[in-house]
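Worksheet: one structure, shown below.
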Amino acid sequence: MATLDYVRRRFLPHIWCPGCGHGTLMATLVRAIEELAIPKDQIVMASGIGCSSRIVGYLDLHTLHTLHGRALAFATGVKMAKPDLHVIVPMGDGDALAIGGNHFIHACARNIDLTAIIMNNQTYGMTGGQVSPMTGHGERATTMPYGNLGQALDVVAVARAAGATYVARSTVYHAPQLKKLLMKAIQHRGFSVVEVLTQCPTYYGRLNQRGDAVEMMTWFKEHAVPVGSDARKDDPARFEVGEFVNVERPEYCASYDEIVTRLKPREDEHA
Amino acid sequence: MNEKVRFLQGNEACVEGALYAGLRFFAGYPITPSTELAEGLARRLPPIAGRFIQMEDEIGSLCAVLGASLTGLKAMTATSGPGFSLMQEAIGYGVMAEIPCVIVNVQRGGPSTGQPTHVSQGDVQQARWGTHGDHAIVAFTASNVKDVFRMTVEAFNVSESFRTPVILLLDEVVGHMRERLRIPEEGELPVVERLLTQVPQTVDFHPYLPREDGRLPMAHFGGHHRHNVTGLAHNIWGFPADDPASVDRLMHHLVGKIDNRAMEFAHWVDHQADDAEILLISYGASARSALDVVRRFRERGDRVGLLELQTLWPFPAALVRERCAQARRVAVVEMNMGQICREVQRVAQDPDRVYLVNQVDGRLVGPDTINQALRMIQGRGF
Ligand SMILES: Cc1ncc(C[n+]2csc(CCOP(=O)(O)OP(=O)(O)O)c2C)c(N)n1
Ligand code: SF4
């Protein structure tokens with residue numbers, strides 16, 4: 001199947017600004033799905049609200065554009081109801097970790113077989129550049145005009161601590177690596193998290209003098225180091241990309257099905 | 001004893017009614033006085049390969065229910081006051097995206113944490129207007145265990161028929177009291193299945209194109225008709241659209257499919273209401289006391305009757321207007337500050353003859369309270 005077969009051409013053009021990284025993630029995600037050769041009927045893509053979440057409308061899958069922060073809760077219902085479906089959940093950083101933070105932690109802890117993709121542009125794009133849980137200390141946002149008082153949340157650490165069984169990070173600059181990580185995450189049986197650094201030149205870039213989309217992507221290129229690299233000691237702005245966690249633990253729906261099977265004969269005895 | 005005859009709490013009867021209607025998915029979060037629903041279904045669903053999940057909060061619970069419903073399972077959640085408040089945004093999503101589901105609210109005293117273990121009917125208008133934006137909603141209630149079962153089945157039937165969330169407003173007294181219940185045989189009560197599209201796989205499917213009767217055939221996640229579901233204003237494909245024509249059509253469809261059917265959805269019981277000079281209007285637990293008062297007055301030869309409402313929303317205006325016209329005086333008995341009374345006053349020809357008889361102290365409004373109020377209304381003093 002060609003990449004464009006995954007796109008609902010009827011609903012183009014998309015709403016993203018020129019230079020927005022969200023389109024790159026969408027294209028990379030489609031290539032990952034294409035390479036895995038999963039039939040379109042077997043994929044549900046659920047998102048929340050934000051520029052990032054608009055991704056679902058453009059893809060010819062079963063798509064569910066939900067409420068701000070609630071994508072994982074809807075996805076949990078879908079997956080519990082039909083565990084055979086692949087459920088992929090692209091979310092913005094505010095969507096997934098501020099308003100949706102509680103669902104995120106509990107989805108990790110359940111180890112339910114969903115693929116969470118956090119499109120981290122370090123800001124609230126859709127509402128115009130307010131501070132997000134991923135905005136770094138001292139950085140500018142329209143609601144932190146004097147610099148962010150807080151610190152960026154370490155999603156990888158949160159996901160690991162909460163019990164996610166697959167955790168990876170990449171950027172829209174590293175598309176080939178990103179595709180491989182997305183493929184592994186989708187294939188992983190359990191809760192997987194892929195954090196994807198993406199650029200919002202319109203707000204984050206402009207408010208923080210990061211230049212245009214090309215400059216922002218170049219920054220990703222120059223600051224990404226492989227997981228475990230000690231190059232971060234020289235420059236605290238560097239960040240690790242690659243796979244952080246890949247372990248097996250009982251998956252939530254599979255555990256539920258074991259109970260269903262165990263209870264079945266008992267019911268027959270009564271009948 | 002026939003095992004189909006049981007001695008059950010209202011909350012347990014709701015569990016039985018839901019299973020009778022074909023419930024296969026429940027998500028919830030514990031809260032008094034509704035927890036028996038979650039606990040009952042946690043035991044009952046796994047043996048029939050149904051799905052139960054305790055979510056991290058009530059927001060997540062209703063969202064999970066909506067997700068599950070889109071795959072084709074009949075789905076429900078249950079909560080009480082504070083949890084019902086948390087669910088409001090997702091109720092609006094269910095309305096907008098036209099997703100069948102049943103939301104049980106076993107009412108307790110409010111506002112805020114209020115009186116967790118005490119009875120109230122304070123969420124009647126919240127059920128109507130709790131979620132933001134103009135919309136229509138269906139809400140049922142019941143005053144006894146048998147009717148809890150029946151109205152639960154009806155809640156699923158309406159929800160599945162018209163692709164809409166249906167709210168079942170119980171209260172602490174009805175939820176916790178025990179009565180004898182004969183579980184109906186299969187086929188005794190109608191059980192409605194949702195309408196599925198017959199459009200062939202290769203033909204463009206319009207998930208949001210209503211038929212002339214207002215119903216919309218569905219295609220489930222996992223099937224061949226892949227489409228978009230959104231809470232944004234959308235076109236017939238379910239894709240976001242904000243052109244005035246699409247939005248206008250959508251708004252009129254969403255409200256019309258419910259409000260134009262007010263009498264079709266109306267359930268009520270007349271207790272000697274036809275010749276009543278004083279008509280009581282009540283619902284839920286307070287209707288039990290009102291019925292007791294009707295008996296006392298009738299014994300003395302006073303023509304007092306009761307219209308017991310089982311459908312609160314859409315408000316059965318035509319029914320209430322007609323019954324009020326036959327009576328000299330109308331007294332609305334409820335456990336709130338007049339949430340249904342104001343609807344009755346709105347539709348009655350003579351609002352000045354409509355009185356509120358209420359109690360909001362966490363106790364069931366009793367026959368004595370109603371009795372006293374009626375004597376005043378009759379001009380007989382205390
Ligand atoms: C309950 C609720 N609160 C607030 C909003 C407004 N809102 C829409 S998108 C958004 C944040 C978007 O930021 P992010 O999730 O990081 O995604 P991005 O737009 O940057 O891709 C907010 C606050 C909303 N839609 N719903
Ligand atoms: S505002 Fe930012 S995140 Fe949103 S589309 Fe534009 S560039 Fe992308």
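The chains in the structure tokens are called A, B, ... from first to last as shown; in each chain the residues are counted from 1, and the ligands are counted from 1 in the order shown.
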
For this session: Grab me every residue within 10 Å of ligand 2, counting only C-alpha atoms and all ligand atoms, and send it over as a ChimeraX atom specification.
Result: /A:14-23,50-54,92,119-129,198-206,213

Contact check, chain A to chain B, at most 8 Å, counting only C-alpha atoms, closest pairs as a Markdown table:
```
| residue | atom | partner | partner_atom | distance |
| --- | --- | --- | --- | --- |
| A:Phe11 | CA | B:Phe239 | CA | 7.6 |
| A:Asp41 | CA | B:Gly222 | CA | 5.4 |
| A:Gln42 | CA | B:Gly222 | CA | 5.5 |
| A:Ile43 | CA | B:Gly222 | CA | 7.3 |
| A:Val44 | CA | B:Phe221 | CA | 7.1 |
| A:Val56 | CA | B:Asn228 | CA | 7.8 |
| A:Gly57 | CA | B:Asn228 | CA | 6.2 |
| A:Asp60 | CA | B:Arg226 | CA | 6.7 |
| A:Leu61 | CA | B:Arg226 | CA | 5.5 |
| A:His62 | CA | B:Arg226 | CA | 4.7 |
| A:Thr63 | CA | B:Asn228 | CA | 4.8 |
| A:Leu64 | CA | B:Val229 | CA | 4.8 |
| A:His65 | CA | B:Thr230 | CA | 4.7 |
| A:Thr66 | CA | B:Thr230 | CA | 6.0 |
| A:Leu67 | CA | B:Gly231 | CA | 7.2 |
| A:Arg70 | CA | B:Gly60 | CA | 6.9 |
| A:Ala73 | CA | B:Gly60 | CA | 5.0 |
| A:Phe74 | CA | B:Ala64 | CA | 4.4 |
| A:Ala75 | CA | B:Gly67 | CA | 6.3 |
| A:Thr76 | CA | B:Ala64 | CA | 5.9 |
| A:Gly77 | CA | B:Ala64 | CA | 3.8 |
| A:Val78 | CA | B:Ala68 | CA | 4.6 |
| A:Lys79 | CA | B:Ala68 | CA | 7.7 |
| A:Met80 | CA | B:Arg51 | CA | 6.8 |
| A:Ala81 | CA | B:Ala68 | CA | 5.3 |
| A:Lys82 | CA | B:Thr71 | CA | 6.9 |
| A:Leu85 | CA | B:Gly222 | CA | 6.8 |
| A:Asn102 | CA | B:Glu56 | CA | 7.3 |
| A:His103 | CA | B:Glu56 | CA | 6.9 |
| A:His106 | CA | B:Glu56 | CA | 6.8 |
| A:Ile259 | CA | B:Pro46 | CA | 7.1 |
| A:Val260 | CA | B:Pro46 | CA | 5.2 |
| A:Leu263 | CA | B:Pro47 | CA | 5.4 |
| A:Lys264 | CA | B:Pro47 | CA | 5.8 |
| A:Glu267 | CA | B:Pro47 | CA | 6.8 |
```

Can you spit out the residues from that selection as a short mmCIF file (atom, residue, chain, number, x, y, z; two decimals), in the first residue's frame, using C-alpha atoms?
```
data_model
loop_
_atom_site.label_atom_id
_atom_site.label_comp_id
_atom_site.auth_asym_id
_atom_site.auth_seq_id
_atom_site.Cartn_x
_atom_site.Cartn_y
_atom_site.Cartn_z
CA PHE A 11 -10.02 16.44 4.00
CA ASP A 41 -9.44 -1.75 9.57
CA GLN A 42 -7.47 -3.02 12.55
CA ILE A 43 -6.12 0.33 13.70
CA VAL A 44 -7.90 2.80 15.94
CA VAL A 56 -6.27 11.66 13.29
CA GLY A 57 -8.73 13.39 10.98
CA ASP A 60 -7.85 6.73 6.80
CA LEU A 61 -8.10 4.61 9.95
CA HIS A 62 -10.79 4.29 12.61
CA THR A 63 -10.20 7.70 14.13
CA LEU A 64 -11.36 9.21 17.39
CA HIS A 65 -10.72 12.88 18.10
CA THR A 66 -11.72 13.18 21.75
CA LEU A 67 -11.49 15.74 24.56
CA ARG A 70 -8.76 12.30 27.62
CA ALA A 73 -9.14 7.12 28.67
CA PHE A 74 -11.17 6.72 25.47
CA ALA A 75 -8.43 4.48 24.06
CA THR A 76 -8.54 2.32 27.20
CA GLY A 77 -12.26 1.72 26.58
CA VAL A 78 -11.64 0.83 22.94
CA LYS A 79 -8.81 -1.54 23.77
CA MET A 80 -10.64 -3.26 26.64
CA ALA A 81 -13.68 -3.72 24.41
CA LYS A 82 -11.75 -5.01 21.38
CA LEU A 85 -7.34 -3.81 17.57
CA ASN A 102 -3.52 11.33 35.55
CA HIS A 103 -4.69 9.10 32.70
CA HIS A 106 -2.53 5.05 35.18
CA ILE A 259 -9.90 -14.41 34.31
CA VAL A 260 -12.67 -14.72 31.73
CA LEU A 263 -14.50 -18.32 35.12
CA LYS A 264 -16.12 -19.90 32.09
CA GLU A 267 -20.50 -20.93 34.85
#
```

Do a neighbour search on Thr143 (chain A) at 9 Å with only C-alpha atoms, toss out local chain neighbours closer than 5 positions, and write the hits as an mmCIF file with all heavy atoms, in the first residue's frame.
```cif
data_model
loop_
_atom_site.group_PDB
_atom_site.id
_atom_site.type_symbol
_atom_site.label_atom_id
_atom_site.label_comp_id
_atom_site.auth_asym_id
_atom_site.auth_seq_id
_atom_site.Cartn_x
_atom_site.Cartn_y
_atom_site.Cartn_z
ATOM 1 N N GLY A 129 0.689 29.434 22.391
ATOM 2 C CA GLY A 129 2.016 29.575 22.987
ATOM 3 C C GLY A 129 2.066 29.755 24.488
ATOM 4 O O GLY A 129 2.959 30.430 25.012
ATOM 5 N N GLN A 130 1.117 29.142 25.204
ATOM 6 C CA GLN A 130 1.185 29.213 26.668
ATOM 7 C C GLN A 130 2.177 28.170 27.199
ATOM 8 O O GLN A 130 2.631 27.292 26.484
ATOM 9 C CB GLN A 130 -0.205 28.981 27.291
ATOM 10 C CG GLN A 130 -1.232 30.043 26.925
ATOM 11 C CD GLN A 130 -1.819 29.839 25.552
ATOM 12 O OE1 GLN A 130 -1.820 28.735 25.023
ATOM 13 N NE2 GLN A 130 -2.298 30.927 24.946
ATOM 14 N N VAL A 131 2.482 28.257 28.488
ATOM 15 C CA VAL A 131 3.472 27.359 29.079
ATOM 16 C C VAL A 131 2.902 25.947 29.148
ATOM 17 O O VAL A 131 1.709 25.750 29.373
ATOM 18 C CB VAL A 131 3.901 27.871 30.478
ATOM 19 C CG1 VAL A 131 2.777 27.725 31.502
ATOM 20 C CG2 VAL A 131 5.165 27.167 30.957
ATOM 21 N N ASN A 148 9.795 30.917 32.350
ATOM 22 C CA ASN A 148 9.092 29.839 33.058
ATOM 23 C C ASN A 148 9.676 29.603 34.444
ATOM 24 O O ASN A 148 10.873 29.398 34.609
ATOM 25 C CB ASN A 148 9.187 28.550 32.214
ATOM 26 C CG ASN A 148 8.436 27.388 32.844
ATOM 27 O OD1 ASN A 148 7.589 27.590 33.721
ATOM 28 N ND2 ASN A 148 8.749 26.179 32.390
#
```

For this session: From the DSSP assignment of the backbone, select every residue of region 43-133 of chain B that is alpha helix (DSSP H), and format the answer as a PyMOL selection string.
Result: chain B and resi 43-44+58-70+81-86+88-96+124-129

For this session: For region 287-292 of chain B, please output as number ranges by chain all residues within 6 Å (counting only C-alpha atoms; exclusion window: fewer than 5 positions along the same chain).
Result: B: 282, 366-367

Please, could you write that set of residues out with N, CA, C and O atoms as a CSV table (one decimal), in the first residue's frame?
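Here's the written file selection.csv:
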```csv
chain,number,residue,atom,x,y,z
B,282,SER,N,-44.8,14.0,41.3
B,282,SER,CA,-43.6,13.6,42.0
B,282,SER,C,-42.9,12.5,41.2
B,282,SER,O,-43.3,12.0,40.2
B,366,GLY,N,-41.4,13.0,54.0
B,366,GLY,CA,-42.3,12.0,54.5
B,366,GLY,C,-43.7,12.4,54.2
B,366,GLY,O,-44.1,13.5,53.9
B,367,PRO,N,-44.7,11.4,54.4
B,367,PRO,CA,-46.1,11.6,54.2
B,367,PRO,C,-46.6,12.8,55.1
B,367,PRO,O,-47.4,13.6,54.7
```

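You will find CA of Val360 (chain B) at 15.1 Å from CA of Tyr283 (chain B).
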
For this session: For Val293 (chain B), please output as a ChimeraX atom specification all residues within 9 Å (counting only C-alpha atoms; exclusion window: fewer than 5 positions along the same chain).
Result: /B:288,298,304-305,367-368,370-371

Problem set entry | Filtered DSSP result for region 6-255 of chain A, state strand (DSSP E), as a ChimeraX atom specification | /A:43-47,62-65,86-92,115-120,166-171,192-197,224-226,239-246

Exercise. Which residues come within 10 Å of Ala107 (chain A), counting only C-alpha atoms, excluding same-chain residues fewer than 3 positions away, as an MDAnalysis selection string?
Worked result: (chainID A and resid 72:73 75:76 101:104 110:114 116 159 162:164 190:192 252) or (chainID B and resid 55:56)

Could the residues in this selection be saved with C-alpha atoms as a PDB file, in the first residue's frame?
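Saved as selection_21.pdb:
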```pdb
ATOM      1  CA  LEU A  72      -5.899   7.613  26.744  1.00  0.00           C
ATOM      2  CA  ALA A  73      -9.142   7.117  28.671  1.00  0.00           C
ATOM      3  CA  ALA A  75      -8.433   4.476  24.060  1.00  0.00           C
ATOM      4  CA  THR A  76      -8.544   2.322  27.203  1.00  0.00           C
ATOM      5  CA  GLY A 101      -1.383  13.470  33.274  1.00  0.00           C
ATOM      6  CA  ASN A 102      -3.520  11.328  35.547  1.00  0.00           C
ATOM      7  CA  HIS A 103      -4.694   9.104  32.696  1.00  0.00           C
ATOM      8  CA  PHE A 104      -1.097   8.849  31.465  1.00  0.00           C
ATOM      9  CA  ARG A 110      -1.979  -0.877  33.953  1.00  0.00           C
ATOM     10  CA  ASN A 111       0.431  -1.770  31.172  1.00  0.00           C
ATOM     11  CA  ILE A 112      -2.506  -1.809  28.787  1.00  0.00           C
ATOM     12  CA  ASP A 113      -1.456  -2.422  25.193  1.00  0.00           C
ATOM     13  CA  LEU A 114      -1.701   1.119  23.782  1.00  0.00           C
ATOM     14  CA  ALA A 116       1.172   6.611  23.279  1.00  0.00           C
ATOM     15  CA  ALA A 159       6.746   6.726  32.209  1.00  0.00           C
ATOM     16  CA  ALA A 162       4.797   4.597  36.440  1.00  0.00           C
ATOM     17  CA  GLY A 163       5.413   1.208  34.839  1.00  0.00           C
ATOM     18  CA  ALA A 164       5.365   1.689  31.055  1.00  0.00           C
ATOM     19  CA  GLY A 190       2.036  -3.520  26.743  1.00  0.00           C
ATOM     20  CA  PHE A 191       1.920   0.222  27.279  1.00  0.00           C
ATOM     21  CA  SER A 192       4.464   1.957  25.082  1.00  0.00           C
ATOM     22  CA  TYR A 252      -3.895  -5.655  31.255  1.00  0.00           C
TER      23      TYR A 252
ATOM     24  CA  MET B  55     -10.778   3.923  36.042  1.00  0.00           C
ATOM     25  CA  GLU B  56      -8.679   6.595  37.756  1.00  0.00           C
TER      26      GLU B  56
END
```

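Between CA of Ile278 (chain B) and CA of Ala331 (chain B) there is a distance of 7.4 Å.
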
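Take the candidates B:Leu37, B:Val158, B:Ala142, B:Met87 and check each one against Lys257 (chain B) using only C-alpha atoms; the shortest distance goes to B:Val158.
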